[in-house]
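Chemist: So here's protein04.cif (mmCIF, C-alpha atoms).
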```
data_upload
loop_
_atom_site.group_PDB
_atom_site.id
_atom_site.type_symbol
_atom_site.label_atom_id
_atom_site.label_comp_id
_atom_site.auth_asym_id
_atom_site.auth_seq_id
_atom_site.Cartn_x
_atom_site.Cartn_y
_atom_site.Cartn_z
ATOM 1 C CA MET A 1010 121.322 17.388 8.601
ATOM 2 C CA ASN A 1011 117.872 16.697 9.965
ATOM 3 C CA ILE A 1012 115.776 13.890 8.538
ATOM 4 C CA HIS A 1013 112.054 13.784 9.258
ATOM 5 C CA ILE A 1014 110.714 10.282 9.773
ATOM 6 C CA PRO A 1015 107.083 9.393 8.983
ATOM 7 C CA THR A 1016 104.916 7.881 11.731
ATOM 8 C CA PRO A 1017 105.173 4.209 10.617
ATOM 9 C CA LEU A 1018 108.990 4.236 10.568
ATOM 10 C CA ARG A 1019 109.530 5.806 13.965
ATOM 11 C CA ALA A 1020 109.408 2.340 15.484
ATOM 12 C CA TYR A 1021 112.888 1.945 13.986
ATOM 13 C CA THR A 1022 114.306 5.285 15.185
ATOM 14 C CA GLY A 1023 113.466 4.865 18.842
ATOM 15 C CA GLY A 1024 110.283 6.891 18.391
ATOM 16 C CA LEU A 1025 112.134 9.939 17.068
ATOM 17 C CA GLU A 1026 110.372 12.150 14.534
ATOM 18 C CA THR A 1027 113.577 13.937 13.603
ATOM 19 C CA VAL A 1028 117.029 12.373 13.481
ATOM 20 C CA SER A 1029 120.302 14.098 12.714
ATOM 21 C CA VAL A 1030 122.736 12.465 10.316
ATOM 22 C CA ALA A 1031 125.972 13.638 8.679
ATOM 23 C CA GLY A 1032 126.623 13.436 4.947
ATOM 24 C CA THR A 1033 127.546 15.493 1.903
ATOM 25 C CA THR A 1034 125.023 14.045 -0.564
ATOM 26 C CA VAL A 1035 121.505 12.641 -0.205
ATOM 27 C CA SER A 1036 122.924 9.203 -0.917
ATOM 28 C CA SER A 1037 125.604 9.440 1.784
ATOM 29 C CA VAL A 1038 123.050 10.784 4.271
ATOM 30 C CA PHE A 1039 120.855 7.750 3.580
ATOM 31 C CA GLN A 1040 123.813 5.435 3.939
ATOM 32 C CA GLN A 1041 124.629 6.940 7.318
ATOM 33 C CA LEU A 1042 120.970 6.858 8.337
ATOM 34 C CA THR A 1043 120.764 3.119 7.736
ATOM 35 C CA VAL A 1044 124.033 2.578 9.610
ATOM 36 C CA GLN A 1045 122.642 4.464 12.600
ATOM 37 C CA TYR A 1046 119.213 2.838 12.317
ATOM 38 C CA PRO A 1047 119.757 -0.469 10.468
ATOM 39 C CA GLU A 1048 116.167 -1.632 10.913
ATOM 40 C CA LEU A 1049 115.032 1.193 8.622
ATOM 41 C CA LYS A 1050 116.845 -0.217 5.600
ATOM 42 C CA PRO A 1051 114.374 -2.887 4.397
ATOM 43 C CA HIS A 1052 111.524 -0.392 4.762
ATOM 44 C CA LEU A 1053 113.243 2.171 2.555
ATOM 45 C CA PHE A 1054 115.131 0.052 0.018
ATOM 46 C CA THR A 1055 114.460 -3.050 -2.066
ATOM 47 C CA PRO A 1056 116.826 -6.033 -1.681
ATOM 48 C CA GLU A 1057 118.532 -4.669 -4.833
ATOM 49 C CA GLY A 1058 119.248 -1.403 -3.024
ATOM 50 C CA LYS A 1059 116.736 0.748 -4.921
ATOM 51 C CA LEU A 1060 114.528 3.189 -3.058
ATOM 52 C CA ARG A 1061 111.098 1.546 -2.754
ATOM 53 C CA SER A 1062 108.683 2.962 -5.306
ATOM 54 C CA PHE A 1063 106.186 4.201 -2.709
ATOM 55 C CA VAL A 1064 108.821 6.012 -0.628
ATOM 56 C CA ASN A 1065 109.099 9.678 -1.558
ATOM 57 C CA VAL A 1066 112.110 11.648 -0.413
ATOM 58 C CA TYR A 1067 112.140 15.423 -0.346
ATOM 59 C CA LEU A 1068 115.261 17.545 0.005
ATOM 60 C CA ASN A 1069 113.690 20.675 1.488
ATOM 61 C CA ASP A 1070 110.808 21.201 -1.007
ATOM 62 C CA ASP A 1071 112.171 19.133 -3.877
ATOM 63 C CA ASP A 1072 111.428 15.524 -4.756
ATOM 64 C CA ILE A 1073 114.889 14.006 -5.223
ATOM 65 C CA ARG A 1074 113.615 11.938 -8.181
ATOM 66 C CA TYR A 1075 113.244 15.179 -10.125
ATOM 67 C CA LEU A 1076 116.541 16.773 -9.148
ATOM 68 C CA PRO A 1077 119.212 16.672 -11.894
ATOM 69 C CA ASN A 1078 121.602 14.639 -9.754
ATOM 70 C CA LYS A 1079 118.897 12.668 -7.918
ATOM 71 C CA GLU A 1080 120.417 10.795 -4.932
ATOM 72 C CA GLU A 1081 123.815 12.302 -5.652
ATOM 73 C CA THR A 1082 122.534 15.832 -5.028
ATOM 74 C CA ALA A 1083 124.775 17.726 -2.610
ATOM 75 C CA ALA A 1084 123.361 18.303 0.856
ATOM 76 C CA ASN A 1085 124.536 20.444 3.726
ATOM 77 C CA ASP A 1086 123.752 20.649 7.420
ATOM 78 C CA SER A 1087 121.064 23.302 7.027
ATOM 79 C CA ASP A 1088 119.057 21.194 4.556
ATOM 80 C CA GLU A 1089 116.138 19.049 5.636
ATOM 81 C CA LEU A 1090 115.279 15.640 4.277
ATOM 82 C CA THR A 1091 111.720 14.350 4.569
ATOM 83 C CA ILE A 1092 110.742 10.732 4.019
ATOM 84 C CA ILE A 1093 107.081 10.459 3.079
ATOM 85 C CA PRO A 1094 105.380 7.250 1.892
ATOM 86 C CA SER A 1095 102.732 7.746 -0.783
ATOM 87 C CA ILE A 1096 99.010 7.765 -0.060
ATOM 88 C CA ALA A 1097 96.518 6.726 -2.709
ATOM 89 C CA GLY A 1098 93.680 4.305 -3.398
ATOM 90 C CA GLY A 1099 90.111 4.249 -4.575
ATOM 91 C CA THR A 1100 87.247 2.020 -5.528
ATOM 92 C CA SER A 1101 88.718 0.772 -8.797
ATOM 93 C CA CYS A 1102 89.872 -2.868 -9.011
ATOM 94 C CA ARG A 1103 87.499 -3.965 -6.282
ATOM 95 C CA LEU A 1104 88.064 -7.321 -4.550
ATOM 96 C CA MET B 164 90.580 2.016 17.752
ATOM 97 C CA LEU B 165 90.030 5.378 16.113
ATOM 98 C CA ARG B 166 88.947 8.192 18.399
ATOM 99 C CA ILE B 167 87.654 11.391 16.793
ATOM 100 C CA HIS B 168 85.657 14.475 17.727
ATOM 101 C CA TYR B 169 82.121 14.582 16.375
ATOM 102 C CA ALA B 170 82.828 17.827 14.466
ATOM 103 C CA ASP B 171 85.816 16.269 12.687
ATOM 104 C CA TYR B 172 83.855 13.094 11.952
ATOM 105 C CA GLU B 173 81.056 15.121 10.407
ATOM 106 C CA ALA B 174 83.537 17.299 8.509
ATOM 107 C CA LEU B 175 85.190 14.369 6.749
ATOM 108 C CA ARG B 176 81.780 12.964 5.808
ATOM 109 C CA THR B 177 80.687 16.360 4.496
ATOM 110 C CA HIS B 178 83.879 16.554 2.432
ATOM 111 C CA GLY B 179 82.792 13.375 0.631
ATOM 112 C CA GLU B 180 79.417 14.922 -0.130
ATOM 113 C CA GLU B 181 81.016 18.099 -1.491
ATOM 114 C CA THR B 182 83.294 16.268 -3.916
ATOM 115 C CA TYR B 183 80.644 13.751 -5.054
ATOM 116 C CA PRO B 184 80.662 12.114 -7.605
ATOM 117 C CA ASN B 185 84.426 12.275 -7.130
ATOM 118 C CA GLU B 186 86.435 10.883 -4.270
ATOM 119 C CA CYS B 187 87.620 13.194 -1.518
ATOM 120 C CA CYS B 188 90.725 12.641 0.575
ATOM 121 C CA GLY B 189 92.415 14.079 3.617
ATOM 122 C CA VAL B 190 94.763 13.491 6.505
ATOM 123 C CA LEU B 191 94.086 12.785 10.175
ATOM 124 C CA LEU B 192 96.418 14.495 12.635
ATOM 125 C CA GLY B 193 96.638 13.458 16.252
ATOM 126 C CA LYS B 194 98.465 11.107 18.540
ATOM 127 C CA ASN B 195 98.909 7.379 18.585
ATOM 128 C CA ILE B 196 98.401 6.074 22.070
ATOM 129 C CA ALA B 197 100.247 2.792 21.867
ATOM 130 C CA ASP B 198 99.256 -0.473 23.447
ATOM 131 C CA GLU B 199 101.156 -0.240 26.712
ATOM 132 C CA GLY B 200 100.638 -3.874 27.595
ATOM 133 C CA ASN B 201 97.958 -3.067 30.141
ATOM 134 C CA GLY B 202 95.236 -4.711 28.125
ATOM 135 C CA ALA B 203 94.068 -1.449 26.589
ATOM 136 C CA GLU B 204 94.172 -1.409 22.798
ATOM 137 C CA ALA B 205 96.195 1.123 20.817
ATOM 138 C CA VAL B 206 94.276 4.240 19.843
ATOM 139 C CA ASN B 207 94.739 6.664 16.974
ATOM 140 C CA HIS B 208 93.349 9.803 18.597
ATOM 141 C CA VAL B 209 92.458 12.376 15.942
ATOM 142 C CA GLN B 210 92.734 16.015 17.006
ATOM 143 C CA GLN B 211 92.514 17.706 13.641
ATOM 144 C CA ILE B 212 91.639 16.768 10.078
ATOM 145 C CA VAL B 213 93.230 18.368 7.022
ATOM 146 C CA ARG B 214 91.547 18.351 3.639
ATOM 147 C CA ALA B 215 93.795 17.410 0.748
ATOM 148 C CA GLY B 216 93.432 17.746 -2.990
ATOM 149 C CA ASN B 217 92.822 14.659 -5.124
ATOM 150 C CA THR B 218 95.455 14.717 -7.865
ATOM 151 C CA ARG B 219 93.784 11.879 -9.804
ATOM 152 C CA THR B 220 91.806 14.256 -11.971
ATOM 153 C CA ASP B 221 91.962 11.663 -14.763
ATOM 154 C CA SER B 222 89.825 9.227 -12.745
ATOM 155 C CA ALA B 223 88.653 11.142 -9.682
ATOM 156 C CA HIS B 224 85.369 9.203 -9.444
ATOM 157 C CA ASN B 225 87.171 6.013 -8.451
ATOM 158 C CA ARG B 226 90.761 6.924 -7.539
ATOM 159 C CA TYR B 227 92.479 9.291 -5.176
ATOM 160 C CA ASN B 228 96.040 10.380 -4.638
ATOM 161 C CA ILE B 229 97.501 13.001 -2.338
ATOM 162 C CA ALA B 230 100.498 14.791 -3.856
ATOM 163 C CA PRO B 231 103.642 13.967 -1.847
ATOM 164 C CA GLN B 232 104.498 17.688 -1.764
ATOM 165 C CA GLU B 233 101.178 18.348 -0.034
ATOM 166 C CA LEU B 234 101.879 15.517 2.413
ATOM 167 C CA VAL B 235 105.257 17.038 3.238
ATOM 168 C CA LYS B 236 103.519 20.341 4.046
ATOM 169 C CA ILE B 237 100.878 18.597 6.140
ATOM 170 C CA GLN B 238 103.559 16.692 8.045
ATOM 171 C CA ARG B 239 105.318 20.026 8.735
ATOM 172 C CA GLN B 240 102.009 21.481 9.907
ATOM 173 C CA ALA B 241 101.525 18.495 12.224
ATOM 174 C CA ARG B 242 105.027 18.902 13.626
ATOM 175 C CA GLY B 243 104.322 22.563 14.365
ATOM 176 C CA LEU B 244 101.233 21.555 16.295
ATOM 177 C CA GLY B 245 102.995 18.785 18.183
ATOM 178 C CA LEU B 246 100.868 16.228 16.374
ATOM 179 C CA ASP B 247 101.549 13.280 14.076
ATOM 180 C CA ILE B 248 99.883 11.876 10.979
ATOM 181 C CA VAL B 249 97.748 9.081 12.438
ATOM 182 C CA GLY B 250 95.573 8.276 9.439
ATOM 183 C CA PHE B 251 93.860 9.236 6.231
ATOM 184 C CA TYR B 252 90.328 9.435 4.940
ATOM 185 C CA HIS B 253 88.669 9.176 1.574
ATOM 186 C CA SER B 254 85.233 8.567 0.112
ATOM 187 C CA HIS B 255 83.741 5.854 -2.079
ATOM 188 C CA PRO B 256 81.071 7.477 -4.257
ATOM 189 C CA ASP B 257 78.229 4.987 -4.761
ATOM 190 C CA HIS B 258 80.346 2.141 -3.413
ATOM 191 C CA PRO B 259 80.448 0.454 -0.009
ATOM 192 C CA ALA B 260 82.589 1.803 2.824
ATOM 193 C CA GLN B 261 84.977 -1.133 2.506
ATOM 194 C CA TRP B 262 88.591 -1.108 1.419
ATOM 195 C CA SER B 263 89.297 -2.109 -2.150
ATOM 196 C CA LYS B 264 92.203 -3.999 -3.673
ATOM 197 C CA THR B 265 93.570 -0.626 -4.808
ATOM 198 C CA ASP B 266 93.236 0.831 -1.298
ATOM 199 C CA PHE B 267 95.196 -2.105 0.090
ATOM 200 C CA ALA B 268 97.907 -2.084 -2.575
ATOM 201 C CA GLU B 269 98.474 1.645 -2.107
ATOM 202 C CA ALA B 270 98.428 1.608 1.716
ATOM 203 C CA HIS B 271 101.898 1.974 3.215
ATOM 204 C CA TRP B 272 101.388 3.796 6.509
ATOM 205 C CA LEU B 273 101.545 0.871 8.930
ATOM 206 C CA GLY B 274 99.850 1.586 12.247
ATOM 207 C CA CYS B 275 97.689 4.321 10.718
ATOM 208 C CA SER B 276 93.916 4.388 10.322
ATOM 209 C CA TYR B 277 92.280 4.476 6.907
ATOM 210 C CA VAL B 278 88.760 5.903 7.116
ATOM 211 C CA ILE B 279 86.344 5.293 4.243
ATOM 212 C CA THR B 280 82.922 6.887 3.827
ATOM 213 C CA SER B 281 80.427 5.607 1.310
ATOM 214 C CA VAL B 282 78.562 8.444 -0.385
ATOM 215 C CA GLU B 283 75.301 7.325 -1.936
ATOM 216 C CA GLN B 284 73.727 9.667 -4.456
ATOM 217 C CA GLY B 285 75.566 12.569 -2.890
ATOM 218 C CA LYS B 286 74.718 11.769 0.744
ATOM 219 C CA ALA B 287 77.284 10.374 3.198
ATOM 220 C CA ALA B 288 76.132 6.941 4.330
ATOM 221 C CA LEU B 289 78.433 4.578 6.250
ATOM 222 C CA THR B 290 81.840 5.491 7.624
ATOM 223 C CA ASN B 291 84.253 2.705 8.548
ATOM 224 C CA SER B 292 87.820 2.688 9.755
ATOM 225 C CA PHE B 293 90.530 0.145 8.992
ATOM 226 C CA LEU B 294 93.828 -0.131 10.813
ATOM 227 C CA LEU B 295 96.792 -0.994 8.590
ATOM 228 C CA SER B 296 98.516 -3.507 10.842
ATOM 229 C CA GLY B 297 101.665 -5.551 10.377
ATOM 230 C CA THR B 298 105.335 -4.717 10.344
ATOM 231 C CA THR B 299 106.276 -4.922 6.649
ATOM 232 C CA GLU B 300 104.780 -4.568 3.173
ATOM 233 C CA GLU B 301 104.733 -8.350 2.981
ATOM 234 C CA ASP B 302 102.694 -9.026 6.133
ATOM 235 C CA LYS B 303 100.459 -5.955 6.221
ATOM 236 C CA THR B 304 96.690 -6.393 6.649
ATOM 237 C CA PHE B 305 93.679 -4.154 7.037
ATOM 238 C CA GLU B 306 91.793 -4.765 10.287
ATOM 239 C CA ASP B 307 88.326 -3.435 11.027
ATOM 240 C CA GLU B 308 88.600 -1.016 13.913
ATOM 241 C CA PRO B 309 85.921 0.625 16.053
ATOM 242 C CA ILE B 310 85.387 4.377 15.887
ATOM 243 C CA GLN B 311 84.837 6.262 19.138
ATOM 244 C CA ILE B 312 83.167 9.593 18.453
ATOM 245 C CA ASP B 313 83.618 12.231 21.152
ATOM 246 C CA ILE B 314 80.760 14.641 21.557
ATOM 247 C CA ALA B 315 81.483 17.984 23.230
ATOM 248 C CA PRO B 316 79.642 18.355 26.573
ATOM 249 C CA ASN B 317 77.516 21.286 25.320
ATOM 250 C CA VAL B 318 76.460 19.304 22.229
ATOM 251 C CA ALA B 319 75.677 16.241 24.346
ATOM 252 C CA GLU B 320 73.617 18.374 26.740
ATOM 253 C CA ALA B 321 71.717 19.964 23.859
ATOM 254 C CA ALA B 322 71.001 16.516 22.415
ATOM 255 C CA ALA B 323 69.811 15.284 25.814
ATOM 256 C CA GLN B 324 67.554 18.345 26.203
ATOM 257 C CA THR B 325 66.093 17.738 22.760
ATOM 258 C CA GLN B 326 65.402 14.111 23.606
ATOM 259 C CA LYS B 327 63.862 15.166 26.938
ATOM 260 C CA GLY B 328 61.650 17.676 25.146
ATOM 261 C CA GLN B 329 60.505 15.034 22.689
ATOM 262 C CA ALA B 330 59.681 12.504 25.441
#
```
How does the structure come out when it is put into structure tokens?

Modeler:
Amino acid sequence: MNIHIPTPLRAYTGGLETVSVAGTTVSSVFQQLTVQYPELKPHLFTPEGKLRSFVNVYLNDDDIRYLPNKEETAANDSDELTIIPSIAGGTSCRL
Amino acid sequence: MLRIHYADYEALRTHGEETYPNECCGVLLGKNIADEGNGAEAVNHVQQIVRAGNTRTDSAHNRYNIAPQELVKIQRQARGLGLDIVGFYHSHPDHPAQWSKTDFAEAHWLGCSYVITSVEQGKAALTNSFLLSGTTEEDKTFEDEPIQIDIAPNVAEAAAQTQKGQA
């Protein structure tokens, strides 16, 4: 299945915006992704192996955090996975 | 360096005026022209800006957040245009155009430009850009970066004619 990589992480996929990875669940796709592109791993996961809190992952149009089976959701070749870091901020808590 | 067309630069400033006293936010689409080792600095060249909704309706005067679902759509839009997300913009109503602790904590797009416009009493004042540099969350920093504003030839000519007429 195709995985869309956000601009900051393309340095670890040889500049590719879209990479193709095999897998039957979101979790197995991610596992394969980090085998193919090992430098991505610390940017996506904490040392404990949890997806970093600011990294959003969408299976087609669905946030995997809100899917019943989360990372264990089944995926097939025609699905698309999008990795999208969060964007937020504001004037509160000024330095 | 951030490079942007004058019309886009004005549009993002106007967005901040329209949402005052709340913060506006949006995405900068374009191309990153990397430092190729020839002494020229890397450039985030903006070719289109996309307005986004601020989901922080609970505290929109001093916080902003772009829904990830909207970001996914904008990234798809960029891909269709052959462009990338090269930065973001937001406004600081009645606050300086400087990044805040919150801006820094919530910034995760390394290599992208974060543009901030101060809006004073409803009027856009200063606009600054900050490059999120570094390679990890642990070593990231915001660096001041210059903004190069491109003016279309016809606009530049009109401005020159006006100046000539006033001389």

Chemist: Please list as a count of residues only every residue within 6 Å of A:Val1064, counting only C-alpha atoms and excluding residues in the same chain fewer than 2 positions away.

Modeler: 3

Chemist: Define the interface residues of chain A facing chain B as those within 10 Å, counting all atoms listed in the file, and report them as an MDAnalysis selection string.

Modeler: chainID A and resid 1013:1018 1020 1026:1027 1051:1052 1063:1067 1069:1072 1091:1104

Chemist: Between A:Leu1076, A:Ala1031, A:Leu1049, A:Leu1025, which has the minimum distance to A:Glu1089 (counting only C-alpha atoms)?

Modeler: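 Smallest separation from A:Glu1089 among the options: A:Ala1031.
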
Chemist: Residues picked by the PyMOL selection byres ((chain A and resi 1038) around 12) here, as an NGL selection string?

Modeler: :A and (1010-1012 or 1028-1037 or 1039-1046 or 1066 or 1068 or 1080-1086 or 1088-1091)

Chemist: How many Å lie between atom CA of B:Gly245 and atom CA of B:Thr304, rounded to one decimal?

Modeler: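 Pair atom CA of B:Gly245 / atom CA of B:Thr304 returns 28.4 Å.
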